Structures are given as C-alpha cells and as structure tokens.
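Participant: Provided herewith: upload.cif, mmCIF, C-alpha atoms and all ligand atoms.
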data_upload
loop_
_atom_site.label_atom_id
_atom_site.label_comp_id
_atom_site.auth_asym_id
_atom_site.auth_seq_id
_atom_site.Cartn_x
_atom_site.Cartn_y
_atom_site.Cartn_z
CA MET K 25 10.81 10.97 14.94
CA TYR K 26 8.70 8.61 12.89
CA PHE K 27 9.96 7.80 9.38
CA ASP K 28 8.13 4.54 8.73
CA ASN K 29 4.93 5.72 7.07
CA ALA K 30 5.28 3.16 4.28
CA ALA K 31 4.66 0.46 6.91
CA THR K 32 1.83 2.34 8.61
CA SER K 33 1.19 6.05 8.95
CA PHE K 34 1.80 7.80 12.25
CA PRO K 35 0.56 10.03 13.71
CA LYS K 36 -3.00 10.06 12.42
CA PRO K 37 -5.04 13.25 12.01
CA GLU K 38 -6.64 14.17 15.36
CA THR K 39 -10.14 13.49 13.99
CA VAL K 40 -9.20 9.83 13.41
CA TYR K 41 -8.51 9.24 17.11
CA ARG K 42 -11.76 10.96 18.03
CA ALA K 43 -13.81 8.96 15.50
CA VAL K 44 -12.49 5.62 16.80
CA ASP K 45 -13.14 6.65 20.39
CA ARG K 46 -16.67 7.85 19.60
CA ALA K 47 -17.56 4.69 17.66
CA LEU K 48 -16.39 2.50 20.56
CA ARG K 49 -18.01 4.56 23.31
CA GLU K 50 -21.22 5.62 21.67
CA GLY K 51 -21.73 2.88 19.07
CA GLY K 52 -22.75 -0.26 20.83
CA GLY K 53 -24.25 -2.14 17.90
CA ASN K 54 -23.30 -4.62 15.19
CA ALA K 55 -23.71 -3.33 11.63
CA GLY K 56 -26.56 -4.96 9.72
CA ARG K 57 -27.42 -7.28 12.60
CA SER K 58 -30.45 -5.52 14.04
CA GLY K 59 -32.74 -2.51 13.70
CA HIS K 60 -31.85 -0.89 17.02
CA ARG K 61 -30.13 2.48 17.25
CA GLY K 62 -26.61 1.19 17.79
CA ALA K 63 -26.78 -1.30 14.92
CA VAL K 64 -28.20 1.30 12.56
CA GLU K 65 -25.44 3.76 13.52
CA ALA K 66 -22.78 1.10 12.91
CA SER K 67 -24.24 0.40 9.44
CA ARG K 68 -24.28 4.11 8.78
CA ILE K 69 -20.57 4.38 9.64
CA LEU K 70 -19.69 1.62 7.17
CA ALA K 71 -21.87 3.16 4.43
CA ARG K 72 -20.51 6.67 4.98
CA ALA K 73 -16.91 5.48 4.77
CA ARG K 74 -17.70 3.47 1.64
CA ALA K 75 -19.16 6.55 -0.03
CA ARG K 76 -16.17 8.63 1.06
CA LEU K 77 -13.61 6.15 -0.28
CA ALA K 78 -15.62 5.84 -3.52
CA GLN K 79 -15.40 9.63 -3.87
CA LEU K 80 -11.63 9.60 -3.26
CA ILE K 81 -10.91 6.95 -5.88
CA ASN K 82 -13.75 7.94 -8.24
CA ALA K 83 -15.44 4.52 -7.97
CA PRO K 84 -18.83 4.56 -9.70
CA ASP K 85 -20.58 2.46 -7.04
CA PRO K 86 -19.68 2.50 -3.29
CA GLN K 87 -21.24 -0.96 -2.94
CA ARG K 88 -18.31 -2.33 -4.92
CA ILE K 89 -15.89 -1.33 -2.16
CA VAL K 90 -15.31 -4.22 0.22
CA TRP K 91 -13.81 -3.76 3.69
CA THR K 92 -10.81 -5.92 4.53
CA GLN K 93 -8.34 -6.19 7.40
CA ASN K 94 -5.42 -4.71 5.44
CA CYS K 95 -4.01 -4.59 1.92
CA THR K 96 -2.74 -8.19 2.14
CA HIS K 97 -6.27 -9.41 2.81
CA ALA K 98 -7.59 -7.40 -0.15
CA LEU K 99 -4.90 -8.82 -2.45
CA ASN K 100 -5.56 -12.40 -1.33
CA LEU K 101 -9.27 -11.89 -1.92
CA ALA K 102 -8.64 -10.55 -5.42
CA LEU K 103 -6.14 -13.25 -6.43
CA LYS K 104 -7.79 -16.28 -4.85
CA GLY K 105 -11.28 -15.04 -5.71
CA VAL K 106 -10.49 -15.07 -9.44
CA LEU K 107 -7.66 -17.45 -10.31
CA ARG K 108 -8.26 -21.12 -10.96
CA PRO K 109 -5.92 -23.95 -12.09
CA GLY K 110 -4.98 -23.45 -15.73
CA ASP K 111 -5.29 -19.63 -15.55
CA ARG K 112 -2.32 -17.53 -16.49
CA LEU K 113 -1.16 -14.42 -14.58
CA VAL K 114 1.63 -11.92 -15.22
CA THR K 115 3.31 -10.01 -12.41
CA THR K 116 6.69 -8.40 -11.67
CA GLN K 117 9.70 -9.10 -9.52
CA LEU K 118 9.09 -5.89 -7.59
CA GLU K 119 6.11 -7.29 -5.72
CA HIS K 120 5.58 -7.33 -1.99
CA ASN K 121 5.09 -10.76 -0.41
CA SER K 122 1.38 -9.97 -0.11
CA ILE K 123 1.20 -10.70 -3.86
CA ALA K 124 4.25 -12.96 -4.21
CA ARG K 125 3.29 -15.50 -1.54
CA PRO K 126 -0.35 -16.07 -2.50
CA LEU K 127 0.85 -16.42 -6.09
CA ARG K 128 3.39 -19.04 -5.02
CA SER K 129 0.64 -21.15 -3.49
CA LEU K 130 -1.70 -20.56 -6.45
CA GLU K 131 1.15 -21.69 -8.69
CA LYS K 132 1.38 -24.94 -6.73
CA ALA K 133 -2.36 -25.35 -7.31
CA GLY K 134 -1.90 -25.09 -11.10
CA VAL K 135 -1.99 -21.37 -11.94
CA GLU K 136 0.70 -20.37 -14.42
CA VAL K 137 2.61 -17.34 -13.09
CA THR K 138 5.06 -15.22 -15.11
CA ARG K 139 7.28 -12.91 -13.05
CA VAL K 140 8.73 -10.27 -15.32
CA PRO K 141 12.31 -9.36 -14.32
CA CYS K 142 13.04 -5.79 -13.27
CA PRO K 143 16.76 -5.27 -13.89
CA GLY K 144 18.28 -2.78 -11.46
CA GLY K 145 14.96 -2.78 -9.58
CA HIS K 146 13.33 -0.85 -12.43
CA PHE K 147 9.99 -1.74 -14.04
CA ASP K 148 10.40 -2.56 -17.73
CA ILE K 149 7.09 -1.87 -19.42
CA ARG K 150 8.12 -3.36 -22.77
CA ALA K 151 9.12 -6.66 -21.20
CA PHE K 152 5.92 -6.64 -19.16
CA LEU K 153 3.58 -6.05 -22.09
CA GLU K 154 5.37 -8.68 -24.14
CA ALA K 155 4.79 -11.20 -21.35
CA VAL K 156 1.01 -10.65 -21.49
CA ARG K 157 0.38 -13.28 -24.13
CA PRO K 158 -3.10 -14.17 -25.45
CA GLY K 159 -4.97 -16.25 -22.89
CA THR K 160 -3.64 -14.29 -19.88
CA ARG K 161 -6.39 -14.01 -17.28
CA MET K 162 -4.93 -11.35 -15.00
CA VAL K 163 -2.06 -8.96 -14.47
CA ALA K 164 -1.23 -8.06 -10.88
CA LEU K 165 1.27 -5.45 -9.86
CA LEU K 166 2.02 -2.67 -7.47
CA HIS K 167 1.30 0.98 -8.20
CA ALA K 168 4.49 2.14 -6.44
CA SER K 169 7.41 0.13 -5.11
CA ASN K 170 7.69 0.07 -1.35
CA VAL K 171 11.46 -0.40 -1.79
CA THR K 172 12.44 2.20 -4.39
CA GLY K 173 9.41 4.48 -4.57
CA GLU K 174 9.18 4.02 -8.35
CA VAL K 175 5.64 4.65 -9.63
CA LEU K 176 4.47 2.29 -12.36
CA PRO K 177 2.46 3.56 -15.37
CA ALA K 178 -0.90 2.32 -14.11
CA ALA K 179 -3.10 4.05 -16.70
CA GLU K 180 -1.03 2.64 -19.55
CA LEU K 181 -1.24 -0.83 -18.04
CA GLY K 182 -4.98 -0.39 -17.51
CA ALA K 183 -5.61 0.62 -21.13
CA PHE K 184 -3.51 -2.28 -22.37
CA SER K 185 -5.29 -4.80 -20.11
CA ARG K 186 -8.70 -3.51 -21.21
CA SER K 187 -7.76 -3.85 -24.87
CA ARG K 188 -6.71 -7.48 -24.33
CA GLY K 189 -9.62 -8.46 -22.05
CA VAL K 190 -7.20 -9.16 -19.17
CA LEU K 191 -8.17 -8.40 -15.56
CA PHE K 192 -5.98 -5.72 -13.96
CA LEU K 193 -5.29 -5.95 -10.22
CA LEU K 194 -3.49 -2.91 -8.80
CA ASP K 195 -1.77 -2.95 -5.40
CA ALA K 196 -2.18 0.64 -4.26
CA ALA K 197 -0.51 0.09 -0.87
CA GLN K 198 1.95 2.94 -1.38
CA THR K 199 -0.25 5.33 -3.31
CA ALA K 200 -3.83 5.34 -1.95
CA GLY K 201 -4.34 8.70 -0.26
CA SER K 202 -0.94 10.15 -1.07
CA ARG K 203 -1.26 10.55 -4.82
CA PRO K 204 -4.17 10.66 -7.28
CA LEU K 205 -5.85 7.27 -7.65
CA ASP K 206 -8.76 7.38 -10.09
CA VAL K 207 -9.95 3.84 -10.75
CA ARG K 208 -11.91 4.87 -13.85
CA GLU K 209 -9.05 6.80 -15.38
CA ILE K 210 -6.65 3.96 -14.62
CA GLY K 211 -9.07 1.33 -15.84
CA ALA K 212 -8.27 -1.05 -12.98
CA ASP K 213 -10.63 -3.96 -12.35
CA LEU K 214 -9.45 -4.59 -8.80
CA VAL K 215 -7.64 -2.16 -6.51
CA ALA K 216 -6.28 -3.25 -3.13
CA MET K 217 -5.69 -0.56 -0.50
CA PRO K 218 -4.49 -0.53 3.09
CA GLY K 219 -6.60 1.71 5.32
CA HIS K 220 -3.74 2.32 7.73
CA LYS K 221 -1.06 3.85 5.50
CA GLY K 222 -1.80 6.82 3.22
CA LEU K 223 -5.53 6.74 4.03
CA TYR K 224 -4.64 7.52 7.68
CA GLY K 225 -7.02 4.99 9.22
CA PRO K 226 -6.09 2.64 12.09
CA PRO K 227 -4.30 -0.70 11.62
CA GLY K 228 -6.77 -3.49 10.91
CA THR K 229 -8.41 -1.62 8.04
CA GLY K 230 -8.17 -2.02 4.28
CA ALA K 231 -10.37 -2.20 1.21
CA LEU K 232 -10.75 -3.85 -2.16
CA TYR K 233 -12.42 -2.03 -5.02
CA VAL K 234 -14.16 -4.55 -7.29
CA GLY K 235 -14.92 -3.20 -10.76
CA GLU K 236 -18.21 -3.67 -12.54
CA GLY K 237 -18.58 -7.16 -13.99
CA VAL K 238 -15.75 -8.71 -11.93
CA GLU K 239 -16.93 -11.87 -10.19
CA LEU K 240 -15.06 -12.87 -7.04
CA ALA K 241 -15.43 -15.99 -4.93
CA PRO K 242 -15.37 -15.15 -1.22
CA LEU K 243 -12.36 -16.10 0.93
CA ILE K 244 -14.63 -16.63 3.91
CA GLU K 245 -18.35 -17.23 4.13
CA GLY K 246 -20.82 -16.72 6.92
CA GLY K 247 -23.24 -14.26 8.48
CA THR K 248 -23.82 -11.05 6.59
CA GLY K 249 -27.03 -9.89 8.28
CA SER K 250 -28.73 -10.16 4.87
CA VAL K 251 -30.82 -12.94 3.23
CA SER K 252 -30.33 -15.02 6.39
CA GLU K 253 -32.91 -17.58 5.26
CA GLN K 254 -30.56 -18.60 2.44
CA ASP K 255 -27.99 -21.40 2.95
CA GLU K 256 -25.57 -19.92 0.48
CA GLN K 257 -23.52 -16.78 0.52
CA PRO K 258 -25.44 -13.80 -0.95
CA GLU K 259 -24.59 -12.73 -4.49
CA ARG K 260 -24.85 -9.02 -3.76
CA LEU K 261 -21.82 -6.86 -3.00
CA PRO K 262 -20.45 -5.96 -0.55
CA ASP K 263 -22.22 -8.66 1.53
CA ARG K 264 -20.86 -11.50 -0.62
CA LEU K 265 -17.30 -10.64 0.41
CA GLU K 266 -17.90 -9.25 3.93
CA SER K 267 -18.89 -12.06 6.29
CA GLY K 268 -18.79 -11.71 10.05
CA THR K 269 -18.68 -8.67 12.31
CA GLN K 270 -16.96 -5.72 10.69
CA ASN K 271 -14.30 -3.50 12.28
CA VAL K 272 -16.68 -0.58 12.83
CA PRO K 273 -14.41 1.53 15.10
CA GLY K 274 -11.54 1.01 12.67
CA ILE K 275 -13.68 1.99 9.68
CA ALA K 276 -14.97 5.02 11.60
CA GLY K 277 -11.34 6.08 12.00
CA LEU K 278 -10.65 5.33 8.35
CA ASP K 279 -13.65 7.44 7.35
CA ALA K 280 -12.21 10.35 9.34
CA GLY K 281 -8.82 9.77 7.70
CA ILE K 282 -10.34 9.92 4.21
CA GLU K 283 -12.38 12.98 5.16
CA TRP K 284 -9.13 14.65 6.26
CA ILE K 285 -7.49 13.74 2.92
CA LEU K 286 -10.41 15.16 0.95
CA GLN K 287 -10.26 18.37 2.96
CA THR K 288 -6.47 18.68 2.77
CA GLY K 289 -6.29 17.64 -0.88
CA VAL K 290 -4.36 14.70 -2.33
CA GLU K 291 -2.28 17.09 -4.40
CA THR K 292 -1.24 19.06 -1.29
CA ILE K 293 -0.27 15.81 0.45
CA ARG K 294 1.67 14.63 -2.58
CA ARG K 295 3.57 17.90 -2.90
CA ARG K 296 4.41 17.96 0.80
CA GLU K 297 5.76 14.39 0.72
CA GLU K 298 7.64 15.12 -2.47
CA ALA K 299 9.34 18.14 -0.87
CA LEU K 300 10.40 16.06 2.14
CA VAL K 301 11.74 13.31 -0.13
CA ALA K 302 13.70 15.86 -2.19
CA GLN K 303 15.22 17.34 0.98
CA LEU K 304 16.13 13.89 2.31
CA TRP K 305 17.61 12.78 -0.98
CA SER K 306 19.75 15.86 -1.51
CA GLY K 307 21.01 15.72 2.08
CA LEU K 308 21.86 12.00 2.00
CA ARG K 309 23.50 12.26 -1.43
CA GLU K 310 26.23 14.51 -0.01
CA ILE K 311 27.25 12.03 2.69
CA PRO K 312 30.33 9.90 1.94
CA GLY K 313 29.52 6.19 1.67
CA VAL K 314 25.79 6.64 0.97
CA THR K 315 24.18 4.64 -1.85
CA LEU K 316 20.67 5.78 -2.76
CA TYR K 317 18.26 3.49 -4.60
CA GLY K 318 15.35 4.21 -6.93
CA PRO K 319 14.43 7.19 -9.05
CA ALA K 320 15.76 10.61 -8.06
CA PRO K 321 13.25 13.26 -6.95
CA GLY K 322 11.75 15.18 -9.82
CA THR K 323 10.38 11.96 -11.33
CA ASP K 324 7.02 10.55 -10.31
CA ARG K 325 7.83 8.64 -7.12
CA ALA K 326 6.28 7.62 -3.82
CA ALA K 327 7.60 8.82 -0.46
CA VAL K 328 10.11 6.07 0.29
CA VAL K 329 13.86 6.63 0.31
CA SER K 330 15.98 3.49 0.43
CA PHE K 331 19.70 3.82 1.02
CA ASN K 332 22.76 2.07 2.39
CA LEU K 333 25.63 3.43 4.38
CA GLU K 334 29.02 1.93 3.64
CA GLY K 335 30.22 -0.29 6.47
CA TRP K 336 26.79 -0.45 8.13
CA ASP K 337 24.44 -3.41 8.09
CA PRO K 338 20.93 -1.92 7.60
CA ASN K 339 19.64 -3.55 10.81
CA ASP K 340 22.49 -2.16 12.88
CA ALA K 341 22.09 1.24 11.28
CA ALA K 342 18.36 1.30 12.09
CA ALA K 343 19.07 0.30 15.70
CA VAL K 344 21.61 3.13 16.07
CA LEU K 345 19.26 5.59 14.37
CA GLU K 346 16.63 4.77 16.97
CA GLU K 347 18.83 4.41 20.05
CA SER K 348 21.16 7.34 19.48
CA PHE K 349 19.02 9.69 17.41
CA ASP K 350 15.41 8.73 18.18
CA ILE K 351 14.66 8.06 14.49
CA GLN K 352 12.32 5.19 13.62
CA CYS K 353 12.70 3.64 10.19
CA ARG K 354 12.59 0.20 8.55
CA PRO K 355 15.69 -1.79 7.60
CA GLY K 356 15.98 -5.07 5.69
CA LEU K 357 13.98 -6.55 2.85
CA HIS K 358 10.65 -4.77 3.39
CA CYS K 359 8.75 -8.00 2.56
CA ALA K 360 9.97 -7.68 -1.04
CA PRO K 361 12.98 -10.01 -1.40
CA TRP K 362 12.82 -10.13 -5.20
CA ALA K 363 12.81 -6.36 -5.46
CA HIS K 364 16.04 -6.36 -3.45
CA ARG K 365 17.50 -9.14 -5.59
CA SER K 366 16.74 -7.02 -8.68
CA LEU K 367 18.25 -3.97 -7.03
CA GLY K 368 21.38 -5.78 -5.91
CA SER K 369 20.70 -5.17 -2.21
CA PHE K 370 19.81 -8.77 -1.27
CA PRO K 371 20.10 -10.28 1.36
CA ALA K 372 20.86 -7.40 3.74
CA GLY K 373 18.37 -5.04 2.14
CA THR K 374 18.40 -1.30 2.70
CA ILE K 375 17.59 1.34 5.29
CA ARG K 376 14.20 2.75 4.33
CA LEU K 377 12.99 6.18 5.40
CA SER K 378 9.39 6.94 4.54
CA PRO K 379 8.30 10.45 5.45
CA GLY K 380 4.63 11.35 5.74
CA TYR K 381 2.59 14.53 5.68
CA PHE K 382 3.24 15.21 9.36
CA ASN K 383 7.04 15.04 9.21
CA THR K 384 8.84 18.38 9.29
CA GLU K 385 11.86 19.84 7.51
CA ALA K 386 13.64 20.00 10.87
CA GLU K 387 13.13 16.25 11.31
CA VAL K 388 14.54 15.58 7.86
CA GLU K 389 17.57 17.73 8.74
CA ALA K 390 18.02 15.68 11.92
CA VAL K 391 17.96 12.43 9.89
CA VAL K 392 20.56 13.74 7.45
CA ARG K 393 22.76 14.91 10.36
CA ALA K 394 22.46 11.50 12.01
CA ALA K 395 23.41 9.66 8.81
CA GLY K 396 26.36 12.03 8.43
CA GLU K 397 27.60 11.25 11.95
CA MET K 398 27.22 7.53 11.35
CA SER K 399 29.20 7.81 8.13
CA ASN K 400 31.95 9.74 10.00
CA VAL K 401 32.22 7.01 12.62
CA LYS K 402 32.86 4.39 9.93
CA CYS K 403 35.34 6.60 8.07
CA GLN K 404 37.30 7.18 11.27
CA MET K 405 37.24 3.46 12.09
CA SER K 406 38.46 2.50 8.63
CA ASN K 407 41.22 5.12 8.92
CA GLY K 408 42.22 3.48 12.21
CA LEU K 409 41.43 6.61 14.26
C1 LIG G 501 3.53 -2.61 -1.97
C2 LIG G 501 2.82 -3.21 -0.78
N1 LIG G 501 1.84 -4.09 -0.97
C3 LIG G 501 1.16 -4.63 0.05
C4 LIG G 501 1.46 -4.31 1.35
C5 LIG G 501 0.71 -4.98 2.46
O1 LIG G 501 -0.06 -4.04 3.16
P1 LIG G 501 -0.73 -4.45 4.56
O2 LIG G 501 0.33 -4.30 5.58
O3 LIG G 501 -1.83 -3.44 4.73
O4 LIG G 501 -1.24 -5.81 4.45
C6 LIG G 501 2.48 -3.40 1.61
C7 LIG G 501 2.87 -3.07 2.99
O5 LIG G 501 3.88 -2.51 3.27
C8 LIG G 501 3.17 -2.81 0.52
O6 LIG G 501 4.15 -1.93 0.70
#
Please render this file's structure as structure tokens.

Facilitator:
Amino acid sequence: MYFDNAATSFPKPETVYRAVDRALREGGGNAGRSGHRGAVEASRILARARARLAQLINAPDPQRIVWTQNCTHALNLALKGVLRPGDRLVTTQLEHNSIARPLRSLEKAGVEVTRVPCPGGHFDIRAFLEAVRPGTRMVALLHASNVTGEVLPAAELGAFSRSRGVLFLLDAAQTAGSRPLDVREIGADLVAMPGHKGLYGPPGTGALYVGEGVELAPLIEGGTGSVSEQDEQPERLPDRLESGTQNVPGIAGLDAGIEWILQTGVETIRRREEALVAQLWSGLREIPGVTLYGPAPGTDRAAVVSFNLEGWDPNDAAAVLEESFDIQCRPGLHCAPWAHRSLGSFPAGTIRLSPGYFNTEAEVEAVVRAAGEMSNVKCQMSNGL
C-alpha cells in the first residue's frame, strides 16, 4: 500500500505507462534536431505537453513553460536565474531544501535572505508581509507545506507582490495537479512544478512557468537546435532555458498524466484526496499516543498527514509499517528541517502519510488499524506486560 505520493505519485494512470512506452518504441528522434519523422514527432510531444500544462495552469503562453528534471531544478533555475549579489529575498522557515539550500549558497554570494519564522509550523502572513521591505527583489515560498499540508494564501501574496513590484516565485510541488493552480489568478511570476507528483508524470520531469517580462539567466547553456549559427544562447523561450536533449519519453508520460487530470477534473482529485485525509485524520486521532501535526481537515490543506506515535522513532515506525503491514510512507525530516524545527518535531521528524487519488478507503482503514496495533504494543511494553 503506497502512501508516499508527496514524494512521487504511484501508481500512474495507465495511459502514462503507455505514452512512455510508445515514445521510446516509436519515437526514435531528437526534438528540434532534425526534420525527419522521428525528430518532428519528438518536437510535437514536447509542444503538446506544453500546451496541455499551459491549459491546466491557465498560462497565457505555452512557450513560457520550460521543461526541467524535477521541481528542484525549476526552483534553482528561478532563484539563480534572477538573484544577484546585493538583491534581497524573503522566504519562510517552512521551505523544502530545494529552496533553502540554493538560497544558502546565494546568501554566501551576497544575496540578502530573510527567513520569516513560522511559529508552531504555521505560516504567519502578517510577519511575512512586514518582512517584504522596499527594495525586495523576490519572495519565494511554497504553495503547500510538504510537512503539515498547510496551504499558503498564494493569491493574496501574489497581489501584494504585484503591488510592490516584487517577483513572486511559487513552489507548487505539493499542489500542481491536485488543487486549482491558476497562475494568472494567483499573479505568480515564476511557478516551479514537479512532473512526477500530482501531475502524474514519470520521475525526471518537472517544469518552470516563467511569467511575461521575467528575464532569467540560464543554468546551463548549449545546443537548442535553434539559431545554431549564433555563439550565444538564444534569447527566445523556451530554448533559452532548455539546452541539450530533452526527456521526450518522460514528457510524453507527463502529457498523458496532465491529460488524465484534465479529464478527471482537478476538483474531483482534490475532493477525493481530501476525503482520504479526513478519514486518516479521524482514525489516527482516536489512537492513544498519536500526535497529529498541521491543520485539521475541513481547512484548505494538501494531502499530507504528519504524525508521531508515542514511544516510536519515526524511522522505526516506518520500517515496521512496511515490514509488518506492507505500508510505504516517509519518516524523518522530509527535506524540510526548519519546518520541523518550527513544528517542534526536530530532529526525529514525523511519520508522513500522503494518500493519492488511487488510494482506497480500505487502505486507509488498514493504515489506521496498523497504527492502532503499534500503539498497543508500546502501551503494553510501558505497562510491563
Ligand atoms: C515543497 C517541496 N518543494 C520542492 C520539492 C522538490 O521536488 P523534486 O523532488 O521534484 O525536486 C518537494 C519534494 O518533495 C517538495 O515537497
């Protein structure tokens, strides 16, 4: 039973497997590198997926969607493509290391970084807005916490950033595909997305949406198949930010994943995940020794449920969940040590269950039963039985 969809979604819709297989077997060309059939088909796959993702996130121009290897790559491209020594950036203490670590090295290079505290692991919008002083170049933060599931008020942050002329980078790792993400409504300048989580594509896929007027320096430069006579990187998007051979089979799978989302409906996916989270939460809450973290169901939250079981180290608990109950989840710090510090769960972290669309109520029941048995074992041990 797979409960680690926040790390990467599994299983994928059947059409995703078929699309990857078809692209590998029947493709046989490198996108943009020639005019033969295979190369043209590969280019078509990339263009179709770009249009499909643009439709999903309401991006005005598909050409401003850049393929990346994952969300981390997209975030690095956005941060390092914009920020220069002397610039000022505001972020939060909830961030994943995919924002926190590049910012640490940018800080060493002379970028001024303000990390707004999140007491109790909760985003404090007043403190955040106060930290965005005149002269701030960018704000960068996640759309939903991968530790607590809390959803941040992206549209409010977007409107505020716009009004102050500050660039807004949104990390949509835990929201793209599983809840509405309208880049125009939100007013985000840069949106980083993993292809392999809520968009149901294969690992090795991701994307960065680059808003109109946002200039980014490339992370890598090289062959784009366009303006090859020119020594310098092309200006045009997406070529400027997409050097080298692209992951065409992966993007073909991602395209099928997005197509499946559009057919199923983001709202249907969101409601299904919400129902599974509510069932998990209410089951776990009744178990002696369980501490649940993050907002309770009923509030706007992503499909991650972090908890601890008294007497159990999260790593040991996850090992027992897998070995004795065949439940796969993710224990520890979830690449977000500061979020756990804010939450009070550092350094051991939590046990994180992240259901996805394909999980069932029966599986959730099995998880709750397993946690109940594990709690019983500890109670009996502490009673000397
Ligand atoms: C909030 C958040 N940001 C960024 C990432 C990094 O995503 P990727 O694994 O696609 O690089 C993750 C992954 O779990 C995440 O949860």

Participant: Could you give me, as a PyMOL selection string, every polymer residue with an atom at most 7 Å away from an atom of ligand LIG 501 (chain G), counting all atoms listed in the file?

Facilitator: chain K and resi 30-31+94-97+119-120+122+166+168-170+195-198+218+220+230

Participant: Mind dumping the selected residues with C-alpha atoms as a CSV table (one decimal), in the coordinates of the input?

Facilitator:
chain,number,residue,atom,x,y,z
K,30,ALA,CA,5.3,3.2,4.3
K,31,ALA,CA,4.7,0.5,6.9
K,94,ASN,CA,-5.4,-4.7,5.4
K,95,CYS,CA,-4.0,-4.6,1.9
K,96,THR,CA,-2.7,-8.2,2.1
K,97,HIS,CA,-6.3,-9.4,2.8
K,119,GLU,CA,6.1,-7.3,-5.7
K,120,HIS,CA,5.6,-7.3,-2.0
K,122,SER,CA,1.4,-10.0,-0.1
K,166,LEU,CA,2.0,-2.7,-7.5
K,168,ALA,CA,4.5,2.1,-6.4
K,169,SER,CA,7.4,0.1,-5.1
K,170,ASN,CA,7.7,0.1,-1.4
K,195,ASP,CA,-1.8,-3.0,-5.4
K,196,ALA,CA,-2.2,0.6,-4.3
K,197,ALA,CA,-0.5,0.1,-0.9
K,198,GLN,CA,2.0,2.9,-1.4
K,218,PRO,CA,-4.5,-0.5,3.1
K,220,HIS,CA,-3.7,2.3,7.7
K,230,GLY,CA,-8.2,-2.0,4.3

Participant: Take every atom of segment 267-280 of chain K listed in the file, pad by 6 Å on each side, and give me the axis-aligned box centre and edge lengths in Å, one decimal, as JSON.

Facilitator:
{"center_x": -14.8, "center_y": -0.9, "center_z": 10.7, "size_x": 20.2, "size_y": 34.4, "size_z": 20.8}

Participant: Looking at K:Val328, K:Ala212, K:Leu118, K:Leu103, which one is nearest to Cys142 of chain K, with distances taken over all atoms listed in the file?

Facilitator: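 Checking each candidate against Cys142 of chain K, we get K:Leu118 as the closest.
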
Participant: Excluding His167 of chain K and any residue of its chain fewer than 3 positions from it, enumerate the residues within 10 Å of it, using all atoms listed in the file, and give them as a VMD selection string.

Facilitator: chain K and resid 119 164 170 173 to 178 193 to 200 205 215 326

Participant: What is the distance between atom CA of Arg76 of chain K and atom CA of Glu266 of chain K, in Å to one decimal?

Facilitator: 18.2 Å

Participant: Within 6 Å of Val114 of chain K, counting only C-alpha atoms, which residues qualify if same-chain residues fewer than 5 places away don't, as a list in words?

Facilitator: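 Contacts, with the query itself left out: Val137, Thr138 and Val163 of chain K.
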
Participant: Take the residues that were just selected and, keeping C-alpha atoms, output them as a PDB file, in the frame of the given file.

Facilitator:
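Writing the result to out.pdb gives the following:
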ATOM      1  CA  VAL K 137       2.610 -17.340 -13.090  1.00  0.00           C
ATOM      2  CA  THR K 138       5.060 -15.220 -15.110  1.00  0.00           C
ATOM      3  CA  VAL K 163      -2.060  -8.960 -14.470  1.00  0.00           C
TER       4      VAL K 163
END

Participant: May I ask for the distance between atom CA of Val90 of chain K and atom CA of Leu261 of chain K, given in Å to one decimal place?

Facilitator: 7.7 Å

Participant: Could you tell me how far atom CA of Leu308 of chain K lies from atom CA of Lys221 of chain K, in Å and to one decimal?

Facilitator: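 So the answer is 24.6 Å.
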
Participant: Could you give me, as a VMD selection string, the residues within 10 Å of Leu214 of chain K, counting only C-alpha atoms and dropping anything in the same chain fewer than 4 positions from it?

Facilitator: chain K and resid 88 to 89 98 to 99 102 to 103 164 191 to 195 207 232 to 236 238

Participant: Using all atoms listed in the file, which residue out of K:Ala363, K:Leu304, K:Leu357, K:Ala327 lies closest to Arg393 of chain K?

Facilitator: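 Checking each candidate against Arg393 of chain K, we get K:Leu304 as the closest.
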
Participant: May I ask which of the residues K:Pro226, K:Arg203, K:Leu243, K:Gly211 is the closest one to Ala83 of chain K, counting only C-alpha atoms?

Facilitator: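 Answer, going by the shortest atom-to-atom distance: K:Gly211.
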
Participant: Compare K:Ala75, K:Met25, K:Ala231, K:Leu278 by their minimum atom-to-atom distance to Glu387 of chain K, counting all atoms listed in the file, and give me the closest one.

Facilitator: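 So, comparing all the options, the nearest one is K:Met25.
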
Participant: Which is closer to Pro35 of chain K than all the others in K:Ser202, K:Gly281, K:Gly313, K:Arg108, using all atoms listed in the file?

Facilitator: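 Residue with the minimum atom-to-atom distance to Pro35 of chain K: K:Gly281.
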
Participant: Find the residues near segment 48-61 of chain K: any atom within 6 Å, counting all atoms listed in the file, skip ones fewer than 5 places away on the same chain, and give them as a VMD selection string.

Facilitator: chain K and resid 66 to 67 249 273
